[in-house]
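Q: Questions regarding the structure given below will be posed in turn.
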Amino acid sequence: MTTPVGIDGPDFVALQVRDVEAAAAFCEKHLGLRRTPASPPGAVVFDTKPIPFAVREPLPGTDMDAGRAGLGVALWFGTPDAQALHDRLVADGVEVVSALADSPFGPVFSFAGPEGYVLTVHGA
């Protein structure tokens with residue numbers, strides 16, 4: 001009997017956006033992400049661990065006007081200091097979607113990221 005081939009889990013995450021440079025600038029300015037030395041055409045890949053993260057042009061057939069960006073997907077990022085990041089985003093005028101609160105994963109909050117994607121951050 002052969003074992004079915006499966007997957008190991010996520011190993012790359014990308015947000016499809018209309019304006020790659022504006023989305024990349026948001027990630028750099030507000031989230032402190034750094035670009036990798038090389039990215040494929042139409043994308044900016046960031047040096048994130050353990051999973052690479054990128055913003056990219058929409059794939060063919062993607063209707064960016066079909067509804068809220070990322071609807072139904074929960075994308076979480078870790079940070080060593082959720083309170084400090086929360087305070088910096090608020091000071092920068094970034095919309096906080098859910099207030100900072102305690103959770104089993106540490107302090108957690110959600111904010112409106114590039115092009116309306118709701119992103120969640122949790123602290124250690």
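The chains in the structure tokens are called A, B, ... from first to last as shown; in each chain the residues are counted from 1, and the ligands are counted from 1 in the order shown.
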Among the residues of range 55-116 of chain A, find those DSSP assigns to strand (DSSP E) from the backbone and print them as a list in words.
A: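 Put together, the selection reads Val55, Arg56, Leu75, Trp76, Phe77, Gly78, Thr79, Val96, Val97, Ser98, Ala99, Leu100, Ala101, Val108, Phe109, Ser110, Phe111 and Ala112 of chain A.
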Q: Okay, now the selection with N, CA and C atoms, as a PDB file, in the first residue's frame?
A:
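So result.pdb came out as:
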```
ATOM      1  N   VAL A  55       3.875  40.874  -1.381  1.00  0.00           N
ATOM      2  CA  VAL A  55       2.739  41.521  -2.035  1.00  0.00           C
ATOM      3  C   VAL A  55       2.997  41.368  -3.523  1.00  0.00           C
ATOM      4  N   ARG A  56       1.943  41.109  -4.277  1.00  0.00           N
ATOM      5  CA  ARG A  56       2.125  40.821  -5.697  1.00  0.00           C
ATOM      6  C   ARG A  56       0.933  41.310  -6.504  1.00  0.00           C
ATOM      7  N   LEU A  75      -4.991  36.067   8.557  1.00  0.00           N
ATOM      8  CA  LEU A  75      -3.547  36.111   8.414  1.00  0.00           C
ATOM      9  C   LEU A  75      -2.958  36.764   9.656  1.00  0.00           C
ATOM     10  N   TRP A  76      -2.177  35.989  10.397  1.00  0.00           N
ATOM     11  CA  TRP A  76      -1.602  36.443  11.658  1.00  0.00           C
ATOM     12  C   TRP A  76      -0.104  36.628  11.520  1.00  0.00           C
ATOM     13  N   PHE A  77       0.408  37.660  12.184  1.00  0.00           N
ATOM     14  CA  PHE A  77       1.835  37.932  12.254  1.00  0.00           C
ATOM     15  C   PHE A  77       2.249  37.984  13.720  1.00  0.00           C
ATOM     16  N   GLY A  78       3.426  37.486  14.026  1.00  0.00           N
ATOM     17  CA  GLY A  78       3.964  37.571  15.378  1.00  0.00           C
ATOM     18  C   GLY A  78       4.828  38.805  15.525  1.00  0.00           C
ATOM     19  N   THR A  79       4.884  39.324  16.747  1.00  0.00           N
ATOM     20  CA  THR A  79       5.745  40.458  17.075  1.00  0.00           C
ATOM     21  C   THR A  79       6.212  40.302  18.517  1.00  0.00           C
ATOM     22  N   VAL A  96      -7.281  50.562  13.278  1.00  0.00           N
ATOM     23  CA  VAL A  96      -7.300  49.354  14.098  1.00  0.00           C
ATOM     24  C   VAL A  96      -8.719  48.803  14.040  1.00  0.00           C
ATOM     25  N   VAL A  97      -8.848  47.559  13.590  1.00  0.00           N
ATOM     26  CA  VAL A  97     -10.146  46.933  13.368  1.00  0.00           C
ATOM     27  C   VAL A  97     -10.663  46.265  14.639  1.00  0.00           C
ATOM     28  N   SER A  98      -9.775  45.649  15.400  1.00  0.00           N
ATOM     29  CA  SER A  98     -10.155  45.095  16.701  1.00  0.00           C
ATOM     30  C   SER A  98      -9.105  45.501  17.713  1.00  0.00           C
ATOM     31  N   ALA A  99      -9.580  45.970  18.863  1.00  0.00           N
ATOM     32  CA  ALA A  99      -8.717  46.533  19.894  1.00  0.00           C
ATOM     33  C   ALA A  99      -7.751  45.498  20.455  1.00  0.00           C
ATOM     34  N   LEU A 100      -6.663  45.984  20.977  1.00  0.00           N
ATOM     35  CA  LEU A 100      -5.679  45.132  21.634  1.00  0.00           C
ATOM     36  C   LEU A 100      -6.350  44.428  22.817  1.00  0.00           C
ATOM     37  N   ALA A 101      -6.194  43.113  22.876  1.00  0.00           N
ATOM     38  CA  ALA A 101      -6.821  42.319  23.943  1.00  0.00           C
ATOM     39  C   ALA A 101      -5.932  41.123  24.256  1.00  0.00           C
ATOM     40  N   VAL A 108      -3.277  40.574  21.343  1.00  0.00           N
ATOM     41  CA  VAL A 108      -3.644  40.449  19.934  1.00  0.00           C
ATOM     42  C   VAL A 108      -4.504  41.641  19.512  1.00  0.00           C
ATOM     43  N   PHE A 109      -4.337  42.071  18.252  1.00  0.00           N
ATOM     44  CA  PHE A 109      -5.218  43.084  17.661  1.00  0.00           C
ATOM     45  C   PHE A 109      -5.181  42.920  16.155  1.00  0.00           C
ATOM     46  N   SER A 110      -6.164  43.512  15.478  1.00  0.00           N
ATOM     47  CA  SER A 110      -6.228  43.469  14.020  1.00  0.00           C
ATOM     48  C   SER A 110      -6.285  44.885  13.480  1.00  0.00           C
ATOM     49  N   PHE A 111      -5.738  45.058  12.283  1.00  0.00           N
ATOM     50  CA  PHE A 111      -5.714  46.379  11.660  1.00  0.00           C
ATOM     51  C   PHE A 111      -5.921  46.238  10.158  1.00  0.00           C
ATOM     52  N   ALA A 112      -6.265  47.350   9.524  1.00  0.00           N
ATOM     53  CA  ALA A 112      -6.449  47.381   8.075  1.00  0.00           C
ATOM     54  C   ALA A 112      -5.092  47.593   7.423  1.00  0.00           C
TER      55      ALA A 112
END
```
Q: Compile the contact shell of Ala25 in chain A as a VMD selection string: residues with an atom at most 10 Å away, counting only C-alpha atoms, same-chain residues fewer than 6 positions apart removed.
A: chain A and resid 31 to 34 44 114
Q: Restricting the output to N, CA, C and O atoms, write the selected residues as an mmCIF file, in the first residue's frame.
A:
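Result went into again12.cif, see below:
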```cif
data_model
loop_
_atom_site.group_PDB
_atom_site.id
_atom_site.type_symbol
_atom_site.label_atom_id
_atom_site.label_comp_id
_atom_site.auth_asym_id
_atom_site.auth_seq_id
_atom_site.Cartn_x
_atom_site.Cartn_y
_atom_site.Cartn_z
ATOM 1 N N LEU A 31 5.129 48.174 9.294
ATOM 2 C CA LEU A 31 5.382 46.862 9.898
ATOM 3 C C LEU A 31 6.864 46.551 10.049
ATOM 4 O O LEU A 31 7.224 45.543 10.650
ATOM 5 N N GLY A 32 7.718 47.400 9.506
ATOM 6 C CA GLY A 32 9.150 47.201 9.642
ATOM 7 C C GLY A 32 9.711 46.053 8.815
ATOM 8 O O GLY A 32 10.806 45.578 9.086
ATOM 9 N N LEU A 33 8.967 45.609 7.789
ATOM 10 C CA LEU A 33 9.452 44.508 6.959
ATOM 11 C C LEU A 33 10.552 45.002 6.023
ATOM 12 O O LEU A 33 10.558 46.159 5.612
ATOM 13 N N ARG A 34 11.474 44.092 5.687
ATOM 14 C CA ARG A 34 12.582 44.407 4.788
ATOM 15 C C ARG A 34 12.488 43.530 3.541
ATOM 16 O O ARG A 34 12.247 42.329 3.646
ATOM 17 N N VAL A 44 6.892 41.983 -4.580
ATOM 18 C CA VAL A 44 7.933 42.338 -3.625
ATOM 19 C C VAL A 44 7.876 41.289 -2.531
ATOM 20 O O VAL A 44 6.836 41.099 -1.892
ATOM 21 N N PRO A 114 -2.560 46.811 3.720
ATOM 22 C CA PRO A 114 -2.618 47.279 2.331
ATOM 23 C C PRO A 114 -3.923 46.892 1.652
ATOM 24 O O PRO A 114 -4.382 45.755 1.769
#
```
Q: Identify, with DSSP run on backbone atoms, the residues in chain A assigned to alpha helix (DSSP H), and express the list as a list in words.
A: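 Going through chain A, the alpha helix (DSSP H) residues come out as Val20, Glu21, Ala22, Ala23, Ala24, Ala25, Phe26, Cys27, Glu28, Lys29, His30, Leu31, Ala82, Gln83, Ala84, Leu85, His86, Asp87, Arg88, Leu89, Val90 and Ala91 of chain A.
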Q: I'd like to know which of A:Leu59, A:Ala124, A:Ala23, A:Ala38 is closest to Pro80 in chain A, using only C-alpha atoms.
A: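 The closest residue to Pro80 in chain A is A:Ala124.
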Q: Point out the residue among A:Gly113, A:Gly6, A:Pro58, A:Pro107 with the least atom-to-atom distance to Leu89 in chain A, counting only C-alpha atoms.
A: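 Among the listed residues, A:Gly113 lies closest to Leu89 in chain A.
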Q: Please identify all polymer residues within 9 Å of Thr36 in chain A, counting only C-alpha atoms, omitting same-chain residues fewer than 3 positions from it, and present them as a PyMOL selection string.
A: chain A and resi 39+44-48
Q: Would you mind exporting the chosen residues as a PDB file, in the first residue's frame, restricted to N, CA, C and O atoms?
A:
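Dumped everything to selection_9.pdb:
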```pdb
ATOM      1  N   SER A  39      13.223  39.747  -6.078  1.00  0.00           N
ATOM      2  CA  SER A  39      11.808  39.358  -6.112  1.00  0.00           C
ATOM      3  C   SER A  39      11.436  39.072  -7.555  1.00  0.00           C
ATOM      4  O   SER A  39      12.016  39.656  -8.472  1.00  0.00           O
ATOM      5  N   VAL A  44       6.892  41.983  -4.580  1.00  0.00           N
ATOM      6  CA  VAL A  44       7.933  42.338  -3.625  1.00  0.00           C
ATOM      7  C   VAL A  44       7.876  41.289  -2.531  1.00  0.00           C
ATOM      8  O   VAL A  44       6.836  41.099  -1.892  1.00  0.00           O
ATOM      9  N   VAL A  45       8.992  40.582  -2.335  1.00  0.00           N
ATOM     10  CA  VAL A  45       9.090  39.550  -1.305  1.00  0.00           C
ATOM     11  C   VAL A  45       9.869  40.136  -0.134  1.00  0.00           C
ATOM     12  O   VAL A  45      10.880  40.815  -0.325  1.00  0.00           O
ATOM     13  N   PHE A  46       9.378  39.859   1.074  1.00  0.00           N
ATOM     14  CA  PHE A  46      10.026  40.354   2.288  1.00  0.00           C
ATOM     15  C   PHE A  46      10.776  39.228   2.978  1.00  0.00           C
ATOM     16  O   PHE A  46      10.428  38.052   2.866  1.00  0.00           O
ATOM     17  N   ASP A  47      11.791  39.609   3.726  1.00  0.00           N
ATOM     18  CA  ASP A  47      12.612  38.658   4.469  1.00  0.00           C
ATOM     19  C   ASP A  47      11.927  38.362   5.796  1.00  0.00           C
ATOM     20  O   ASP A  47      12.244  38.961   6.819  1.00  0.00           O
ATOM     21  N   THR A  48      10.942  37.486   5.768  1.00  0.00           N
ATOM     22  CA  THR A  48      10.205  37.091   6.970  1.00  0.00           C
ATOM     23  C   THR A  48      10.495  35.631   7.280  1.00  0.00           C
ATOM     24  O   THR A  48      10.771  34.838   6.387  1.00  0.00           O
TER      25      THR A  48
END
```
Q: Give the answer as one residue: which of A:Gly93, A:Gly42, A:Pro52, A:Pro104 has the shortest atom-to-atom distance to Phe12 in chain A, using only C-alpha atoms?
A: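 So, comparing all the options, the nearest one is A:Pro52.
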Q: So how many Å separate CA of His30 in chain A and CA of Glu57 in chain A, to one decimal?
A: 20.5 Å
Q: Record the distance separating CA of Val118 in chain A and CA of Gly70 in chain A, expressed in Å with one decimal.
A: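 About the pair CA of Val118 in chain A and CA of Gly70 in chain A: they are 7.3 Å apart.
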Q: From the set A:Cys27, A:Val94, A:Val5, A:Leu15, which residue has the shortest atom-to-atom contact distance to Ala69 in chain A, counting only C-alpha atoms?
A: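 Answer, going by the shortest atom-to-atom distance: A:Leu15.
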Q: Can you work out which one of A:Val17, A:Gln83, A:Val73, A:Leu119 has the shortest atom-to-atom distance to Gly106 in chain A, counting only C-alpha atoms?
A: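 Among the listed residues, the smallest separation from Gly106 in chain A belongs to A:Gln83.
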Q: Separation of CA of Thr120 in chain A and CA of Ala54 in chain A, in Å?
A: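 Those two atoms sit 16.0 Å apart.
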Q: Identify which of the residues A:Phe53, A:Leu85, A:Ser103, A:Pro37 lies closest to Ala24 in chain A, counting only C-alpha atoms when measuring atom-to-atom distances.
A: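 Among the listed residues, the smallest separation from Ala24 in chain A belongs to A:Phe53.
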